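Structure file protein18.pdb with PDB, C-alpha atoms and all ligand atoms:
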```
ATOM      1  CA  MET A  26     -17.155   3.942  11.436
ATOM      2  CA  THR A  27     -17.186   1.206   8.845
ATOM      3  CA  SER A  28     -20.101   2.286   6.701
ATOM      4  CA  ALA A  29     -18.577   4.808   4.337
ATOM      5  CA  LEU A  30     -17.441   3.514   0.982
ATOM      6  CA  ASP A  31     -16.717   7.113   0.157
ATOM      7  CA  PHE A  32     -13.638   7.004  -2.016
ATOM      8  CA  ILE A  33     -13.994   7.134  -5.790
ATOM      9  CA  HIS A  34     -12.856   3.625  -6.597
ATOM     10  CA  ARG A  35     -12.903   0.693  -8.915
ATOM     11  CA  TRP A  36     -14.001  -2.734  -7.852
ATOM     12  CA  VAL A  37     -13.109  -5.598 -10.162
ATOM     13  CA  ALA A  38     -14.652  -8.894  -9.117
ATOM     14  CA  GLY A  39     -12.115 -11.497 -10.186
ATOM     15  CA  ALA A  40     -12.681 -15.143 -11.039
ATOM     16  CA  ASP A  41     -10.510 -16.251  -8.102
ATOM     17  CA  GLN A  42     -12.917 -16.312  -5.181
ATOM     18  CA  THR A  43     -10.532 -17.682  -2.579
ATOM     19  CA  GLY A  44      -7.183 -15.943  -3.133
ATOM     20  CA  PRO A  45      -6.205 -12.532  -1.813
ATOM     21  CA  VAL A  46      -8.072  -9.375  -2.744
ATOM     22  CA  LEU A  47      -5.615  -6.720  -3.878
ATOM     23  CA  LEU A  48      -6.005  -3.172  -2.547
ATOM     24  CA  LEU A  49      -4.338  -1.042  -5.218
ATOM     25  CA  LEU A  50      -2.892   2.296  -4.099
ATOM     26  CA  HIS A  51      -1.563   4.597  -6.789
ATOM     27  CA  GLY A  52       1.291   7.113  -6.684
ATOM     28  CA  THR A  53       1.056  10.925  -6.692
ATOM     29  CA  GLY A  54      -0.884  12.117  -9.734
ATOM     30  CA  GLY A  55      -2.335   8.683 -10.364
ATOM     31  CA  SER A  56      -5.872   7.404 -10.346
ATOM     32  CA  GLU A  57      -7.976   4.388  -9.494
ATOM     33  CA  ASP A  58      -7.273   3.036 -12.993
ATOM     34  CA  ASP A  59      -3.470   3.115 -12.843
ATOM     35  CA  LEU A  60      -2.654  -0.105 -11.058
ATOM     36  CA  LEU A  61      -5.460  -2.312 -12.407
ATOM     37  CA  PRO A  62      -3.143  -3.893 -15.029
ATOM     38  CA  LEU A  63      -0.472  -4.443 -12.352
ATOM     39  CA  GLY A  64      -3.046  -6.169 -10.130
ATOM     40  CA  GLY A  65      -3.971  -8.487 -12.994
ATOM     41  CA  THR A  66      -0.312  -9.324 -13.548
ATOM     42  CA  LEU A  67       0.478  -9.935  -9.890
ATOM     43  CA  TRP A  68      -2.436 -12.289  -9.323
ATOM     44  CA  PRO A  69      -4.389 -13.224 -12.450
ATOM     45  CA  GLY A  70      -8.071 -13.518 -11.545
ATOM     46  CA  ALA A  71      -7.717 -11.589  -8.281
ATOM     47  CA  SER A  72     -10.463  -9.242  -7.186
ATOM     48  CA  LEU A  73      -9.215  -5.667  -7.137
ATOM     49  CA  LEU A  74     -10.241  -2.746  -4.931
ATOM     50  CA  SER A  75      -8.689   0.456  -6.177
ATOM     51  CA  PRO A  76      -9.474   3.818  -4.549
ATOM     52  CA  ARG A  77      -8.390   7.268  -5.740
ATOM     53  CA  GLY A  78      -6.553   9.390  -3.174
ATOM     54  CA  LYS A  79      -8.711  12.292  -1.960
ATOM     55  CA  ILE A  80      -6.014  14.922  -1.582
ATOM     56  CA  LEU A  81      -5.199  17.142  -4.540
ATOM     57  CA  GLU A  82      -1.704  18.604  -4.805
ATOM     58  CA  ASN A  83      -1.690  20.984  -7.757
ATOM     59  CA  GLY A  84      -4.439  18.876  -9.262
ATOM     60  CA  MET A  85      -2.637  15.600  -8.589
ATOM     61  CA  PRO A  86      -4.454  13.012  -6.465
ATOM     62  CA  ARG A  87      -2.606  11.733  -3.387
ATOM     63  CA  PHE A  88      -3.553   9.764  -0.300
ATOM     64  CA  PHE A  89      -2.355  12.351   2.228
ATOM     65  CA  ARG A  90      -0.896  15.849   2.383
ATOM     66  CA  ARG A  91       2.790  16.603   2.395
ATOM     67  CA  LEU A  92       4.615  19.768   3.355
ATOM     68  CA  ALA A  93       7.465  19.123   0.930
ATOM     69  CA  GLU A  94       8.813  16.125  -0.937
ATOM     70  CA  GLY A  95       9.372  13.438   1.683
ATOM     71  CA  VAL A  96       8.061  15.672   4.507
ATOM     72  CA  PHE A  97       4.606  14.575   5.493
ATOM     73  CA  ASP A  98       1.736  16.351   7.235
ATOM     74  CA  GLU A  99       1.513  13.809  10.021
ATOM     75  CA  GLU A 100      -1.863  14.853  11.392
ATOM     76  CA  ASP A 101      -3.373  14.547   7.932
ATOM     77  CA  LEU A 102      -1.594  11.236   7.368
ATOM     78  CA  VAL A 103      -3.060   9.784  10.576
ATOM     79  CA  ASN A 104      -6.582  10.947   9.649
ATOM     80  CA  ARG A 105      -6.297   9.762   6.047
ATOM     81  CA  THR A 106      -4.980   6.395   7.179
ATOM     82  CA  ARG A 107      -7.994   6.001   9.439
ATOM     83  CA  GLU A 108     -10.306   6.994   6.607
ATOM     84  CA  LEU A 109      -8.699   4.506   4.211
ATOM     85  CA  ALA A 110      -8.849   1.718   6.804
ATOM     86  CA  ASP A 111     -12.586   2.434   7.255
ATOM     87  CA  PHE A 112     -13.030   2.350   3.482
ATOM     88  CA  VAL A 113     -11.332  -1.057   3.267
ATOM     89  CA  GLU A 114     -13.513  -2.422   6.056
ATOM     90  CA  ALA A 115     -16.620  -1.014   4.361
ATOM     91  CA  GLY A 116     -15.436  -2.610   1.088
ATOM     92  CA  ARG A 117     -15.098  -5.953   2.823
ATOM     93  CA  LYS A 118     -18.794  -5.753   3.734
ATOM     94  CA  ARG A 119     -20.077  -4.186   0.515
ATOM     95  CA  TYR A 120     -18.319  -6.713  -1.719
ATOM     96  CA  ASP A 121     -18.944  -9.699   0.527
ATOM     97  CA  LEU A 122     -15.326 -10.543   1.139
ATOM     98  CA  GLY A 123     -15.929 -12.442   4.353
ATOM     99  CA  SER A 124     -12.563 -13.251   5.877
ATOM    100  CA  ARG A 125     -10.592 -13.209   2.623
ATOM    101  CA  PRO A 126      -7.108 -11.723   2.964
ATOM    102  CA  ILE A 127      -6.736  -8.187   1.658
ATOM    103  CA  VAL A 128      -3.225  -7.420   0.487
ATOM    104  CA  ALA A 129      -2.149  -3.872  -0.377
ATOM    105  CA  VAL A 130      -0.177  -3.205  -3.525
ATOM    106  CA  GLY A 131       1.105   0.356  -3.393
ATOM    107  CA  TYR A 132       3.440   2.527  -5.403
ATOM    108  CA  SER A 133       5.239   5.554  -3.954
ATOM    109  CA  ASN A 134       2.608   7.691  -2.188
ATOM    110  CA  GLY A 135       0.276   4.665  -2.254
ATOM    111  CA  ALA A 136       3.012   2.472  -0.767
ATOM    112  CA  ASN A 137       3.556   5.044   1.969
ATOM    113  CA  ILE A 138      -0.078   5.078   3.057
ATOM    114  CA  ALA A 139      -0.108   1.273   2.900
ATOM    115  CA  ALA A 140       2.862   1.263   5.300
ATOM    116  CA  SER A 141       0.949   3.674   7.503
ATOM    117  CA  LEU A 142      -2.064   1.307   7.450
ATOM    118  CA  LEU A 143       0.186  -1.520   8.630
ATOM    119  CA  LEU A 144       1.581   0.631  11.435
ATOM    120  CA  LEU A 145      -1.642   2.299  12.608
ATOM    121  CA  ARG A 146      -4.411  -0.153  11.737
ATOM    122  CA  PRO A 147      -2.858  -3.638  11.854
ATOM    123  CA  GLY A 148      -5.418  -6.289  11.057
ATOM    124  CA  VAL A 149      -6.867  -4.442   8.068
ATOM    125  CA  LEU A 150      -4.206  -5.842   5.734
ATOM    126  CA  ALA A 151      -3.050  -9.447   5.553
ATOM    127  CA  GLY A 152       0.118  -8.329   3.789
ATOM    128  CA  ALA A 153       1.560  -5.716   1.477
ATOM    129  CA  VAL A 154       3.642  -5.249  -1.640
ATOM    130  CA  LEU A 155       5.261  -1.843  -1.413
ATOM    131  CA  PHE A 156       7.099  -0.338  -4.372
ATOM    132  CA  ARG A 157       9.266   2.670  -3.414
ATOM    133  CA  ALA A 158       8.103   3.109   0.170
ATOM    134  CA  MET A 159       9.611   5.095   3.044
ATOM    135  CA  VAL A 160       8.845   5.477   6.751
ATOM    136  CA  PRO A 161       5.503   7.326   6.719
ATOM    137  CA  LEU A 162       5.569   8.092  10.454
ATOM    138  CA  THR A 163       6.940   6.674  13.667
ATOM    139  CA  PRO A 164       4.074   5.352  15.782
ATOM    140  CA  GLU A 165       4.172   5.868  19.557
ATOM    141  CA  LYS A 166       3.957   2.129  19.977
ATOM    142  CA  LEU A 167       4.778  -0.434  17.323
ATOM    143  CA  PRO A 168       1.833  -2.654  16.364
ATOM    144  CA  ASP A 169       1.928  -6.428  16.485
ATOM    145  CA  LEU A 170       2.549  -7.486  12.887
ATOM    146  CA  ALA A 171       3.596 -11.030  13.756
ATOM    147  CA  GLU A 172       4.298 -12.903  10.533
ATOM    148  CA  VAL A 173       2.508 -10.392   8.301
ATOM    149  CA  PRO A 174       4.288 -10.770   4.959
ATOM    150  CA  VAL A 175       5.585  -7.537   3.419
ATOM    151  CA  PHE A 176       7.493  -7.235   0.138
ATOM    152  CA  LEU A 177       9.472  -3.984  -0.117
ATOM    153  CA  ALA A 178      10.910  -3.024  -3.485
ATOM    154  CA  GLY A 179      13.343  -0.108  -3.525
ATOM    155  CA  GLY A 180      15.500   1.549  -6.168
ATOM    156  CA  ARG A 181      19.165   1.959  -5.271
ATOM    157  CA  ASN A 182      19.233   5.258  -7.148
ATOM    158  CA  ASP A 183      15.843   6.598  -6.192
ATOM    159  CA  ARG A 184      16.108  10.366  -5.592
ATOM    160  CA  ILE A 185      12.582  10.632  -4.157
ATOM    161  CA  ILE A 186      12.729   7.718  -1.712
ATOM    162  CA  PRO A 187      16.241   7.504  -0.213
ATOM    163  CA  PRO A 188      17.290   3.816  -0.001
ATOM    164  CA  GLU A 189      18.319   4.185   3.651
ATOM    165  CA  ASN A 190      14.779   5.323   4.435
ATOM    166  CA  THR A 191      13.337   2.175   2.813
ATOM    167  CA  GLU A 192      15.816   0.178   4.907
ATOM    168  CA  ARG A 193      14.610   1.988   8.017
ATOM    169  CA  LEU A 194      11.022   1.041   7.163
ATOM    170  CA  ALA A 195      12.113  -2.590   6.697
ATOM    171  CA  ARG A 196      13.704  -2.586  10.160
ATOM    172  CA  MET A 197      10.658  -0.948  11.741
ATOM    173  CA  LEU A 198       8.295  -3.523  10.216
ATOM    174  CA  GLU A 199      10.617  -6.374  11.210
ATOM    175  CA  THR A 200      10.804  -5.081  14.759
ATOM    176  CA  ALA A 201       6.985  -5.194  14.784
ATOM    177  CA  GLY A 202       7.216  -8.863  13.787
ATOM    178  CA  ALA A 203       6.492  -8.649  10.046
ATOM    179  CA  ALA A 204       8.144 -11.084   7.640
ATOM    180  CA  VAL A 205       9.863  -8.579   5.361
ATOM    181  CA  ALA A 206      11.355  -9.381   1.954
ATOM    182  CA  LEU A 207      13.504  -6.504   0.733
ATOM    183  CA  HIS A 208      14.296  -6.319  -2.973
ATOM    184  CA  TRP A 209      16.581  -3.804  -4.653
ATOM    185  CA  SER A 210      16.568  -2.635  -8.240
ATOM    186  CA  PRO A 211      19.607  -0.797  -9.558
ATOM    187  CA  GLY A 212      17.439   2.021 -10.982
ATOM    188  CA  GLY A 213      15.457   4.933  -9.641
ATOM    189  CA  HIS A 214      11.842   5.709  -8.758
ATOM    190  CA  GLY A 215      10.229   3.853 -11.659
ATOM    191  CA  MET A 216       8.961   0.306 -11.205
ATOM    192  CA  THR A 217      10.785  -2.406 -13.103
ATOM    193  CA  ALA A 218       9.483  -5.555 -14.810
ATOM    194  CA  ALA A 219      11.977  -7.629 -12.820
ATOM    195  CA  GLU A 220      10.676  -6.490  -9.430
ATOM    196  CA  VAL A 221       7.075  -6.914 -10.540
ATOM    197  CA  ASP A 222       7.925 -10.495 -11.417
ATOM    198  CA  LYS A 223       9.685 -11.048  -8.076
ATOM    199  CA  SER A 224       6.698  -9.679  -6.188
ATOM    200  CA  ARG A 225       4.338 -11.889  -8.219
ATOM    201  CA  GLN A 226       6.352 -14.949  -7.167
ATOM    202  CA  TRP A 227       6.462 -13.744  -3.575
ATOM    203  CA  LEU A 228       2.675 -13.280  -3.502
ATOM    204  CA  GLY A 229       2.173 -16.797  -4.856
ATOM    205  CA  LYS A 230       4.451 -18.222  -2.169
ATOM    206  CA  ASN A 231       2.813 -16.337   0.680
ATOM    207  CA  PHE A 232      -0.860 -16.348  -0.295
ATOM    208  CA  ALA A 233      -1.473 -19.483  -2.385
ATOM    209  CA  HIS A 234      -4.333 -21.472  -0.967
TER     210      HIS A 234
HETATM  211  C1  LIG A 301       5.107  10.765  -0.860
HETATM  212  O1  LIG A 301       4.794  11.942  -0.876
HETATM  213  O2  LIG A 301       4.366   9.863  -0.439
HETATM  214  C2  LIG A 301       6.454  10.424  -1.394
HETATM  215  O3  LIG A 301       7.238  11.557  -1.453
HETATM  216  C3  LIG A 301       6.376   9.760  -2.702
HETATM  217  C4  LIG A 301       5.661  10.595  -3.712
HETATM  218  O4  LIG A 301       6.274  11.431  -4.369
HETATM  219  O5  LIG A 301       4.477  10.417  -3.872
END
```

If you took the structure in this file and wrote it as structure tokens, what would it be?
Amino acid sequence: MTSALDFIHRWVAGADQTGPVLLLLHGTGGSEDDLLPLGGTLWPGASLLSPRGKILENGMPRFFRRLAEGVFDEEDLVNRTRELADFVEAGRKRYDLGSRPIVAVGYSNGANIAASLLLLRPGVLAGAVLFRAMVPLTPEKLPDLAEVPVFLAGGRNDRIIPPENTERLARMLETAGAAVALHWSPGGHGMTAAEVDKSRQWLGKNFAH
């Protein structure tokens, strides 16, 4: 099914009609507005597609259910990943994106569903910038992510996303063939200006036309 554009979302048509379209995926408790400024910083003039997660955890939007912090409801995650992939494909049609690359930019819960999209629906994303991501699930069979560029930004002292789990995700994506750039900040779960700048440079290198 690729018809349903059924997430509350923002679409910002940018001036850059040939560069990547950024799929912005917020963290727990966020909204479709949260990452719009980040998108504008990472690729000035980029078009932005920014959905709001449909799950509510104590009133906080998320992209999939969890049983506890870092323990995911895998069945829900698989279904929600499918639903998000269908939304992105519907967005491609609705907003006339043709074959333009769509690159996910996710933070925390949004980064985790972006990783799940890469693992379960390869081909939907041309690449991903993942801030504070962990292994969302272990697929039965790894997808072919040959040369798909992925920037992973972790915090060495993140208490929500254990650094070794981010490293495990990096290895999993690399084993699937992705070109992974792993960046570490000394801090915790919060995003830093330095890593935003690094990811901006990385995007320019990998997606400049
Ligand atoms: C998740 O649930 O995806 C992770 O624990 C990160 C978060 O707190 O959102």

Could you produce a table of the residues of chain A lying within 8 Å of ligand LIG 301 (chain A), with the nearest pair of atoms per residue and their separation in Å rounded to one decimal, using all atoms listed in the file, ordered by chain and increasing residue number, as a Markdown table?
```
| residue | atom | partner | partner_atom | distance |
| --- | --- | --- | --- | --- |
| A:Gly52 | CA | A:LIG301 | O5 | 5.4 |
| A:Thr53 | CA | A:LIG301 | O5 | 4.5 |
| A:Arg87 | CA | A:LIG301 | O5 | 7.2 |
| A:Phe88 | CA | A:LIG301 | O2 | 7.9 |
| A:Phe89 | CA | A:LIG301 | O2 | 7.6 |
| A:Arg90 | CA | A:LIG301 | O1 | 7.6 |
| A:Arg91 | CA | A:LIG301 | O1 | 6.0 |
| A:Ala93 | CA | A:LIG301 | O1 | 7.9 |
| A:Glu94 | CA | A:LIG301 | O3 | 4.9 |
| A:Gly95 | CA | A:LIG301 | O3 | 4.2 |
| A:Val96 | CA | A:LIG301 | O3 | 7.3 |
| A:Phe97 | CA | A:LIG301 | O1 | 6.9 |
| A:Ser133 | CA | A:LIG301 | C3 | 4.5 |
| A:Asn134 | CA | A:LIG301 | O2 | 3.3 |
| A:Gly135 | CA | A:LIG301 | O2 | 6.9 |
| A:Ala136 | CA | A:LIG301 | O2 | 7.5 |
| A:Asn137 | CA | A:LIG301 | O2 | 5.4 |
| A:Ile138 | CA | A:LIG301 | O2 | 7.4 |
| A:Arg157 | CA | A:LIG301 | C3 | 7.7 |
| A:Ala158 | CA | A:LIG301 | C3 | 7.4 |
| A:Met159 | CA | A:LIG301 | C2 | 7.6 |
| A:Pro161 | CA | A:LIG301 | O2 | 7.7 |
| A:Ile185 | CA | A:LIG301 | O3 | 6.1 |
| A:Ile186 | CA | A:LIG301 | O3 | 6.7 |
```

Those same residues - C-alpha atoms - I'd like them written as a PDB file, in the coordinates of the input.
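New file out.pdb:
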```pdb
ATOM      1  CA  GLY A  52       1.291   7.113  -6.684  1.00  0.00           C
ATOM      2  CA  THR A  53       1.056  10.925  -6.692  1.00  0.00           C
ATOM      3  CA  ARG A  87      -2.606  11.733  -3.387  1.00  0.00           C
ATOM      4  CA  PHE A  88      -3.553   9.764  -0.300  1.00  0.00           C
ATOM      5  CA  PHE A  89      -2.355  12.351   2.228  1.00  0.00           C
ATOM      6  CA  ARG A  90      -0.896  15.849   2.383  1.00  0.00           C
ATOM      7  CA  ARG A  91       2.790  16.603   2.395  1.00  0.00           C
ATOM      8  CA  ALA A  93       7.465  19.123   0.930  1.00  0.00           C
ATOM      9  CA  GLU A  94       8.813  16.125  -0.937  1.00  0.00           C
ATOM     10  CA  GLY A  95       9.372  13.438   1.683  1.00  0.00           C
ATOM     11  CA  VAL A  96       8.061  15.672   4.507  1.00  0.00           C
ATOM     12  CA  PHE A  97       4.606  14.575   5.493  1.00  0.00           C
ATOM     13  CA  SER A 133       5.239   5.554  -3.954  1.00  0.00           C
ATOM     14  CA  ASN A 134       2.608   7.691  -2.188  1.00  0.00           C
ATOM     15  CA  GLY A 135       0.276   4.665  -2.254  1.00  0.00           C
ATOM     16  CA  ALA A 136       3.012   2.472  -0.767  1.00  0.00           C
ATOM     17  CA  ASN A 137       3.556   5.044   1.969  1.00  0.00           C
ATOM     18  CA  ILE A 138      -0.078   5.078   3.057  1.00  0.00           C
ATOM     19  CA  ARG A 157       9.266   2.670  -3.414  1.00  0.00           C
ATOM     20  CA  ALA A 158       8.103   3.109   0.170  1.00  0.00           C
ATOM     21  CA  MET A 159       9.611   5.095   3.044  1.00  0.00           C
ATOM     22  CA  PRO A 161       5.503   7.326   6.719  1.00  0.00           C
ATOM     23  CA  ILE A 185      12.582  10.632  -4.157  1.00  0.00           C
ATOM     24  CA  ILE A 186      12.729   7.718  -1.712  1.00  0.00           C
TER      25      ILE A 186
END
```

Determine, using all atoms listed in the file, which residues of segment 120-159 of chain A have any atom at most 10 Å from an atom of segment 212-226 of chain A, and tabulate each with its shortest atom pair and distance in Å to one decimal place, rows ordered by chain and then rising number, as a tab-separated table.
```
residue	atom	partner	partner_atom	distance
A:Val130	CA	A:Ser224	CA	9.8
A:Tyr132	CA	A:Met216	CA	8.3
A:Ser133	CA	A:His214	CA	8.2
A:Val154	CA	A:Ser224	CA	7.0
A:Leu155	CA	A:Ser224	CA	9.3
A:Phe156	CA	A:Met216	CA	7.1
A:Arg157	CA	A:His214	CA	6.7
```

Answer key for the PyMOL selection byres (((chain A and resi 70) around 12) and not hetatm), residues as a PyMOL selection string: chain A and resi 37-47+61-69+71-73

Computed interatomic separation between atom CA of Leu143 of chain A and atom CA of Val160 of chain A (Å): 11.3 Å

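The space between atom CA of Leu92 of chain A and atom CA of Asn190 of chain A spans 17.7 Å.
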
Separation of atom CA of Gly179 of chain A from atom CA of Asp111 of chain A in Å: 28.2 Å

Explicit residues for the PyMOL selection byres (((chain A and resi 211) around 8) and not hetatm) (as JSON, numbers by chain): {"A": [180, 181, 182, 209, 210, 212, 213]}

Selected residue, from A:Val173, A:Leu142, A:Leu150, A:Ile80, that lies nearest to Val103 of chain A when counting all atoms listed in the file: A:Leu142

Residues matched by the PyMOL selection byres (((chain A and resi 175) around 12) and not hetatm) as a PyMOL selection string: chain A and resi 128-131+136+139-140+143+150-156+158+170-174+176-178+194-199+201-208+224+227-228+231-232

Let me see the file: selected residues, C-alpha atoms, as a PDB file, in the frame of the given file.
```pdb
ATOM      1  CA  VAL A 128      -3.225  -7.420   0.487  1.00  0.00           C
ATOM      2  CA  ALA A 129      -2.149  -3.872  -0.377  1.00  0.00           C
ATOM      3  CA  VAL A 130      -0.177  -3.205  -3.525  1.00  0.00           C
ATOM      4  CA  GLY A 131       1.105   0.356  -3.393  1.00  0.00           C
ATOM      5  CA  ALA A 136       3.012   2.472  -0.767  1.00  0.00           C
ATOM      6  CA  ALA A 139      -0.108   1.273   2.900  1.00  0.00           C
ATOM      7  CA  ALA A 140       2.862   1.263   5.300  1.00  0.00           C
ATOM      8  CA  LEU A 143       0.186  -1.520   8.630  1.00  0.00           C
ATOM      9  CA  LEU A 150      -4.206  -5.842   5.734  1.00  0.00           C
ATOM     10  CA  ALA A 151      -3.050  -9.447   5.553  1.00  0.00           C
ATOM     11  CA  GLY A 152       0.118  -8.329   3.789  1.00  0.00           C
ATOM     12  CA  ALA A 153       1.560  -5.716   1.477  1.00  0.00           C
ATOM     13  CA  VAL A 154       3.642  -5.249  -1.640  1.00  0.00           C
ATOM     14  CA  LEU A 155       5.261  -1.843  -1.413  1.00  0.00           C
ATOM     15  CA  PHE A 156       7.099  -0.338  -4.372  1.00  0.00           C
ATOM     16  CA  ALA A 158       8.103   3.109   0.170  1.00  0.00           C
ATOM     17  CA  LEU A 170       2.549  -7.486  12.887  1.00  0.00           C
ATOM     18  CA  ALA A 171       3.596 -11.030  13.756  1.00  0.00           C
ATOM     19  CA  GLU A 172       4.298 -12.903  10.533  1.00  0.00           C
ATOM     20  CA  VAL A 173       2.508 -10.392   8.301  1.00  0.00           C
ATOM     21  CA  PRO A 174       4.288 -10.770   4.959  1.00  0.00           C
ATOM     22  CA  PHE A 176       7.493  -7.235   0.138  1.00  0.00           C
ATOM     23  CA  LEU A 177       9.472  -3.984  -0.117  1.00  0.00           C
ATOM     24  CA  ALA A 178      10.910  -3.024  -3.485  1.00  0.00           C
ATOM     25  CA  LEU A 194      11.022   1.041   7.163  1.00  0.00           C
ATOM     26  CA  ALA A 195      12.113  -2.590   6.697  1.00  0.00           C
ATOM     27  CA  ARG A 196      13.704  -2.586  10.160  1.00  0.00           C
ATOM     28  CA  MET A 197      10.658  -0.948  11.741  1.00  0.00           C
ATOM     29  CA  LEU A 198       8.295  -3.523  10.216  1.00  0.00           C
ATOM     30  CA  GLU A 199      10.617  -6.374  11.210  1.00  0.00           C
ATOM     31  CA  ALA A 201       6.985  -5.194  14.784  1.00  0.00           C
ATOM     32  CA  GLY A 202       7.216  -8.863  13.787  1.00  0.00           C
ATOM     33  CA  ALA A 203       6.492  -8.649  10.046  1.00  0.00           C
ATOM     34  CA  ALA A 204       8.144 -11.084   7.640  1.00  0.00           C
ATOM     35  CA  VAL A 205       9.863  -8.579   5.361  1.00  0.00           C
ATOM     36  CA  ALA A 206      11.355  -9.381   1.954  1.00  0.00           C
ATOM     37  CA  LEU A 207      13.504  -6.504   0.733  1.00  0.00           C
ATOM     38  CA  HIS A 208      14.296  -6.319  -2.973  1.00  0.00           C
ATOM     39  CA  SER A 224       6.698  -9.679  -6.188  1.00  0.00           C
ATOM     40  CA  TRP A 227       6.462 -13.744  -3.575  1.00  0.00           C
ATOM     41  CA  LEU A 228       2.675 -13.280  -3.502  1.00  0.00           C
ATOM     42  CA  ASN A 231       2.813 -16.337   0.680  1.00  0.00           C
ATOM     43  CA  PHE A 232      -0.860 -16.348  -0.295  1.00  0.00           C
TER      44      PHE A 232
END
```

Cut-off 7 Å around (-3.1, 12.5, -8.1) with all atoms listed in the file: residues as number ranges by chain: A: 53-56, 78, 81, 84-87

Among the residues A:Arg184, A:Thr106, A:Leu74, A:Asp98, the one that comes closest to Leu122 of chain A [using only C-alpha atoms]: A:Leu74

Since fewer atoms than expected are present, regenerate N, CA and C atoms for segment 186-198 of chain A and write them as an mmCIF file, in the frame of the given file.
```
data_model
loop_
_atom_site.group_PDB
_atom_site.id
_atom_site.type_symbol
_atom_site.label_atom_id
_atom_site.label_comp_id
_atom_site.auth_asym_id
_atom_site.auth_seq_id
_atom_site.Cartn_x
_atom_site.Cartn_y
_atom_site.Cartn_z
ATOM 1 N N ILE A 186 12.777 8.563 -2.913
ATOM 2 C CA ILE A 186 12.729 7.718 -1.712
ATOM 3 C C ILE A 186 14.160 7.259 -1.422
ATOM 4 N N PRO A 187 14.849 7.894 -0.479
ATOM 5 C CA PRO A 187 16.241 7.504 -0.213
ATOM 6 C C PRO A 187 16.306 6.040 0.243
ATOM 7 N N PRO A 188 17.200 5.241 -0.357
ATOM 8 C CA PRO A 188 17.290 3.816 -0.001
ATOM 9 C C PRO A 188 17.417 3.582 1.499
ATOM 10 N N GLU A 189 18.154 4.439 2.203
ATOM 11 C CA GLU A 189 18.319 4.185 3.651
ATOM 12 C C GLU A 189 16.980 4.360 4.395
ATOM 13 N N ASN A 190 16.095 5.159 3.816
ATOM 14 C CA ASN A 190 14.779 5.323 4.435
ATOM 15 C C ASN A 190 13.925 4.060 4.226
ATOM 16 N N THR A 191 14.035 3.457 3.047
ATOM 17 C CA THR A 191 13.337 2.175 2.813
ATOM 18 C C THR A 191 13.889 1.127 3.772
ATOM 19 N N GLU A 192 15.205 1.143 3.969
ATOM 20 C CA GLU A 192 15.816 0.178 4.907
ATOM 21 C C GLU A 192 15.308 0.408 6.326
ATOM 22 N N ARG A 193 15.122 1.657 6.683
ATOM 23 C CA ARG A 193 14.610 1.988 8.017
ATOM 24 C C ARG A 193 13.192 1.443 8.182
ATOM 25 N N LEU A 194 12.390 1.580 7.117
ATOM 26 C CA LEU A 194 11.022 1.041 7.163
ATOM 27 C C LEU A 194 11.069 -0.482 7.321
ATOM 28 N N ALA A 195 11.988 -1.123 6.594
ATOM 29 C CA ALA A 195 12.113 -2.590 6.697
ATOM 30 C C ALA A 195 12.422 -2.976 8.138
ATOM 31 N N ARG A 196 13.329 -2.260 8.768
ATOM 32 C CA ARG A 196 13.704 -2.586 10.160
ATOM 33 C C ARG A 196 12.522 -2.352 11.104
ATOM 34 N N MET A 197 11.811 -1.262 10.875
ATOM 35 C CA MET A 197 10.658 -0.948 11.741
ATOM 36 C C MET A 197 9.603 -2.055 11.644
ATOM 37 N N LEU A 198 9.314 -2.482 10.407
ATOM 38 C CA LEU A 198 8.295 -3.523 10.216
ATOM 39 C C LEU A 198 8.772 -4.850 10.809
#
```
